[in-house]
Each structure stands twice: as C-alpha cells, then as structure tokens.
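Trainee: What follows is a structure written as structure tokens; I'll ask about it next.
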Amino acid sequence: MKTAELFEQKTVFSLEVFPPKPDADESVIYQTLEQLSDIKPDFISVTYGAGGGKNGCKTIQIASDIQDKYGVESVAHMPCIDLTKAQAKEILDDMQRHGIENILALRGDRTSDTEPTGDFRHASDLITFIKDNYDFNILAACYPEVHPESCSAVDELKWLKYKVDCGADHLITQLFLDNDHFYDFHEKARIAGIDVPIEAGIMPVTNKRQIERMVKLCGVELPKKFVRVLEKYEHNATALRDAGIAYAIDQITDLIADGVDGIHLYTMNNPYIAHRIYDAVQNLISVRV
Ligand code: FAD
C-alpha cells in the first residue's frame with residue numbers, strides 16, 4: 001500500500017529502524033522487528049547509511065522482509081548524493097523486484113565519506129528521476145527548525161515546495177523537541193501550498209551522548225524543560241530513559257490533540273521504548289471521521 005493513502009483513514013503511527021552494521025549479527029534486527037510488529041504500526045521505514053555509516057546494504061532486504069514476514073507496510077530510505085543514475089536505476093529495479101512500493105527519497109549528508117557524483121544534487125533530482133521512470137510512492141524529509149545548510153526559513157520552504165511539486169507524496173520531519181517549532185513550520189508549509197501529509201518525527205531521547213550528537217548533526221534546539229531533565233538524570237540511566245519516554249509521550253499527546261497527520265517514531269531499534277510509548281498513546285490515535 002502507498003503510505004500517502006493511510007492518512008485518509010487515521011492518525012498514522014509509524015516506526016523507523018536502522019539496518020545492522022555489515023559485520024553485526026543479523027538475527028538481532030529480526031528479533032527487533034518481531035517485537036516492533038506487535039505494535040501493528042502503519043509502516044516501518046528502514047534507513048540507509050544514516051549518519052554517514054555504510055550500513056545500507058541490507059535496507060532493501062529488510063524492507064522486503066517487513067512486508068513478507070511481519071505483514072507490515074515498509075518504506076526504504078534512499079540517499080542519492082553519491083549515486084550515478086545507472087546505480088540509482090539498479091537500486092530502484094531491485095526495490096521493484098522486492099515488492100517495495102514506498103521510498104523515502106533523500107539527498108544524504110555531505111560527509112568525508114561521500115563522493116557526490118553530480119547526477120543527483122538534491123533529493124528533488126532523485127524524486128524527478130523516480131517519477132519519470134517508476135510508479136513508487138515517494139516520501140521526503142523536512143526540517144521544522146530548518147536544514148543546517150539552509151540560508152533562511154523562506155528558502156527552506158521554497159525548496160520543500162519544489163520537492164513536493166517534483167512528486168513527493170508525504171513528508172516526515174526531522175526530530176524536534178519543542179512542538180512549537182513544528183506548529184510554526186506546519187502553518188507556514190500550508191500557507192506555502194505544501195498540501196501533502198506531514199508526519200512529525202519524534203525521537204525519545206534516552207541518553208546524553210545521543211542527543212549531543214543529534215544537536216551537532218541536525219541543529220535541533222534543546223528547550224529549557226528538556227535540559228533540566230537531562231541535567232537531573234544524566235547519571236542515572238534508568239531514570240533518564242524513563243524521563244525521555246515521558247517527554248516523548250507528552251510531545252505526541254500534544255501533537256495528536258492538535259490534529260497532526262501522523263507520528264513517526266525514531267525507535268533507535270529499541271522495542272522496549274517503542275512499546276512503552278505506543279501503549280501510552282494508542283487510544284489517542286483516532287480513526288478519522
Ligand atoms: P535536500 O532536499 O536536497 O535538502 C538539502 C538542502 O538543500 C536544504 O537546505 C534544502 O533547502 C536545499 N535544497 C533542496 N532542494 C534544493 C534545490 N533543488 N536547489 C537548491 N537547494 C535545494 N540520511 C541518510 O543518509 N540515510 C537515511 O536513511 C536518512 N534518513 C532520514 C530520514 C528523515 C525523516 C530525515 C529528516 C533525514 C534523514 N536523513 C538520512 C538525513 C538527510 O539525508 C540529511 O538531512 C541531508 O543533509 C538532507 O537530505 P534531504 O533529502 O532533506 O536533502
């Protein structure tokens with residue numbers, strides 16, 4: 001099923017996982033998926049090399065298994081900055097052979113590991129390429145606090161609108177810890193004529209190193225109330241985990257009450273945390289009337 005169709009029925013609740021490193025024990029991701037599929041999420045997305053790693057070679061197989069073994073819709077992430085058009089075609093053909101219908105089309109981060117080929121300078125180039133040659137449902141990324149490379153919020157919205165005009169059917173946001181950033185961005189996106197569903201990306205922050213890395217990579221603001229929690233519990237792992245879960249539940253409750261299209265939970269491959277959050281919010285995820 002194409003993910004864009006899900007929003008007609010309900011508040012979407014989806015999950016994100018990352019593939020194991022090439023030398024890691026593969027059975028672990030399947031145990032994780034087994035437990036996550038109990039949640040019956042609307043879809044599970046699988047990253048590809050996120051954060052500059054090269055752990056993407058299993059993305060297609062895992063996305064395909066999510067559908068075939070667990071009966072859950074899947075989305076395969078596809079960064080394009082270091083792909084030639086011929087390589088992109090190979091990947092897209094492979095996805096088609098595996099029965100994948102949904103792709104999160106991304107540029108990918110510019111890191112010391114990436115060598116841009118020039119064939120795809122932005123996610124919009126990949127979206128156009130896919131639309132011209134295939135029939136996939138296309139998701140794209142967006143940034144309530146503006147992408148770190150953007151000159152301004154206006155510029156950011158201009159290019160986001162362009163991405164949607166090229167064919168993005170559904171957007172997922174970068175994580176944010178202050179819902180007001182999302183509400184402000186959402187309103188401006190609608191004014192700019194961006195009319196596709198926008199899912200809010202929520203990351204339960206359960207350790208200090210993780211959030212320091214995200215702040216550095218994504219430029220996410222840490223609200224005072226969040227910093228207080230972090231400082232109070234940084235030396236007590238269980239308390240920090242529970243506080244991170246409570247914070248995420250609070251964010252999601254507020255977003256659903258405001259009528260968000262969907263929640264995309266960055267699970268960090270932790271089914272325990274995903275279950276705790278889902279259990280707390282499942283009755284809030286309403287059927288649309
Ligand atoms: P783009 O849409 O190309 O935007 C990048 C910058 O260029 C922005 O500042 C934008 O305003 C500007 N821009 C966009 N289009 C144009 C244009 N046509 N002309 C000029 N400027 C333009 N990375 C991974 O490597 N693997 C993953 O699996 C992954 N998953 C992600 C999932 C989500 C939900 C999100 C939010 C991000 C994910 N990322 C992943 C990170 C992403 O690759 C980076 O944030 C990357 O730096 C930008 O990707 P993008 O697709 O948003 O790029």
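As shown in the structure tokens, the chain order sets the letters A, B, ...; within each chain, residues go from 1, and ligands are also counted from 1 in the order they appear.
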Which residues, written as a PyMOL selection string, have at least one atom at most 7 Å from A:Ile127, with only C-alpha atoms counted and residues fewer than 4 positions away on the same chain left out?
Mentor: chain A and resi 105+123+131+166-168
Trainee: Could you give me, as a list in words, each residue of stretch 152-227 of chain A that DSSP assigns to strand (DSSP E) when run on this structure's backbone?
Mentor: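 Those residues are His170, Leu171, Ile172, Thr173, Ile198, Glu199, Ala200, Gly201 and Ile202 of chain A.
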Trainee: Can you spit out the residues from that selection as a PDB file, in the first residue's frame, using N, CA and C atoms?
Mentor:
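To be explicit, this is the file written out as again21.pdb:
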```pdb
ATOM      1  N   HIS A 170       4.404  12.604   0.552  1.00  0.00           N
ATOM      2  CA  HIS A 170       4.254  12.500   2.002  1.00  0.00           C
ATOM      3  C   HIS A 170       5.578  12.943   2.607  1.00  0.00           C
ATOM      4  N   LEU A 171       5.519  13.755   3.657  1.00  0.00           N
ATOM      5  CA  LEU A 171       6.749  14.277   4.274  1.00  0.00           C
ATOM      6  C   LEU A 171       6.905  13.761   5.698  1.00  0.00           C
ATOM      7  N   ILE A 172       8.140  13.580   6.109  1.00  0.00           N
ATOM      8  CA  ILE A 172       8.444  13.234   7.506  1.00  0.00           C
ATOM      9  C   ILE A 172       9.445  14.253   8.018  1.00  0.00           C
ATOM     10  N   THR A 173       9.202  14.757   9.231  1.00  0.00           N
ATOM     11  CA  THR A 173      10.104  15.791   9.754  1.00  0.00           C
ATOM     12  C   THR A 173      11.326  15.190  10.438  1.00  0.00           C
ATOM     13  N   ILE A 198       2.037  15.601   6.508  1.00  0.00           N
ATOM     14  CA  ILE A 198       3.333  15.851   7.161  1.00  0.00           C
ATOM     15  C   ILE A 198       3.344  15.080   8.483  1.00  0.00           C
ATOM     16  N   GLU A 199       4.175  14.056   8.541  1.00  0.00           N
ATOM     17  CA  GLU A 199       4.309  13.298   9.789  1.00  0.00           C
ATOM     18  C   GLU A 199       5.367  13.940  10.677  1.00  0.00           C
ATOM     19  N   ALA A 200       5.100  13.961  11.980  1.00  0.00           N
ATOM     20  CA  ALA A 200       6.050  14.539  12.935  1.00  0.00           C
ATOM     21  C   ALA A 200       7.026  13.451  13.388  1.00  0.00           C
ATOM     22  N   GLY A 201       8.312  13.697  13.190  1.00  0.00           N
ATOM     23  CA  GLY A 201       9.337  12.727  13.610  1.00  0.00           C
ATOM     24  C   GLY A 201       9.687  12.937  15.082  1.00  0.00           C
ATOM     25  N   ILE A 202       9.470  11.908  15.893  1.00  0.00           N
ATOM     26  CA  ILE A 202       9.717  12.025  17.336  1.00  0.00           C
ATOM     27  C   ILE A 202      10.808  11.045  17.751  1.00  0.00           C
TER      28      ILE A 202
END
```
Trainee: Can you tell me which residues come within 6 Å of ligand 1 when counting only C-alpha atoms and all ligand atoms, ideally as a list in words?
Mentor: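 The distance check yields Thr47, Tyr48, Gly49, Ala50, Gly51, His77, Pro79, Leu106, Arg107, Gly108, Asp109, His122, Ala123, Ser124, Ala141, Cys142, His147, Glu149, Ser150, Glu156, Trp159, Ile172, Thr173 and Gln174 of chain A.
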Trainee: Of the candidates A:Ile245, A:Ala4, A:Ile256, A:Cys57, which shows the shortest atom-to-atom distance to A:Pro22, using only C-alpha atoms?
Mentor: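 Looking only at the distances to A:Pro22, the closest residue turns out to be A:Cys57.
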Trainee: Compile the contact shell of stretch 258-261 of chain A as a PyMOL selection string: residues with an atom at most 9 Å away, counting only C-alpha atoms, same-chain residues fewer than 5 positions apart removed.
Mentor: chain A and resi 7+10-12+183+197-200+253
Trainee: Restricting the calculation to only C-alpha atoms: of A:Gln251, A:Ser286, A:Thr267, A:Thr111, which residue gets closest to A:Gln35?
Mentor: A:Thr267
Trainee: Would you please give, as a VMD selection string, all residues of stretch 148-249 of chain A that DSSP assigns to helix (DSSP H, G or I) based on the backbone?
Mentor: chain A and resid 153 to 166 179 to 191 208 to 218 224 to 233 237 to 249
Trainee: In Å, how far is it from atom CA of A:Glu34 to atom CA of A:Tyr70?
Mentor: 7.1 Å
Trainee: Can you tell me, as a count of residues only, what residues are no more than 12 Å from stretch 92-99 of chain A when counting only C-alpha atoms, ignoring any on the same chain fewer than 6 positions away?
Mentor: 36
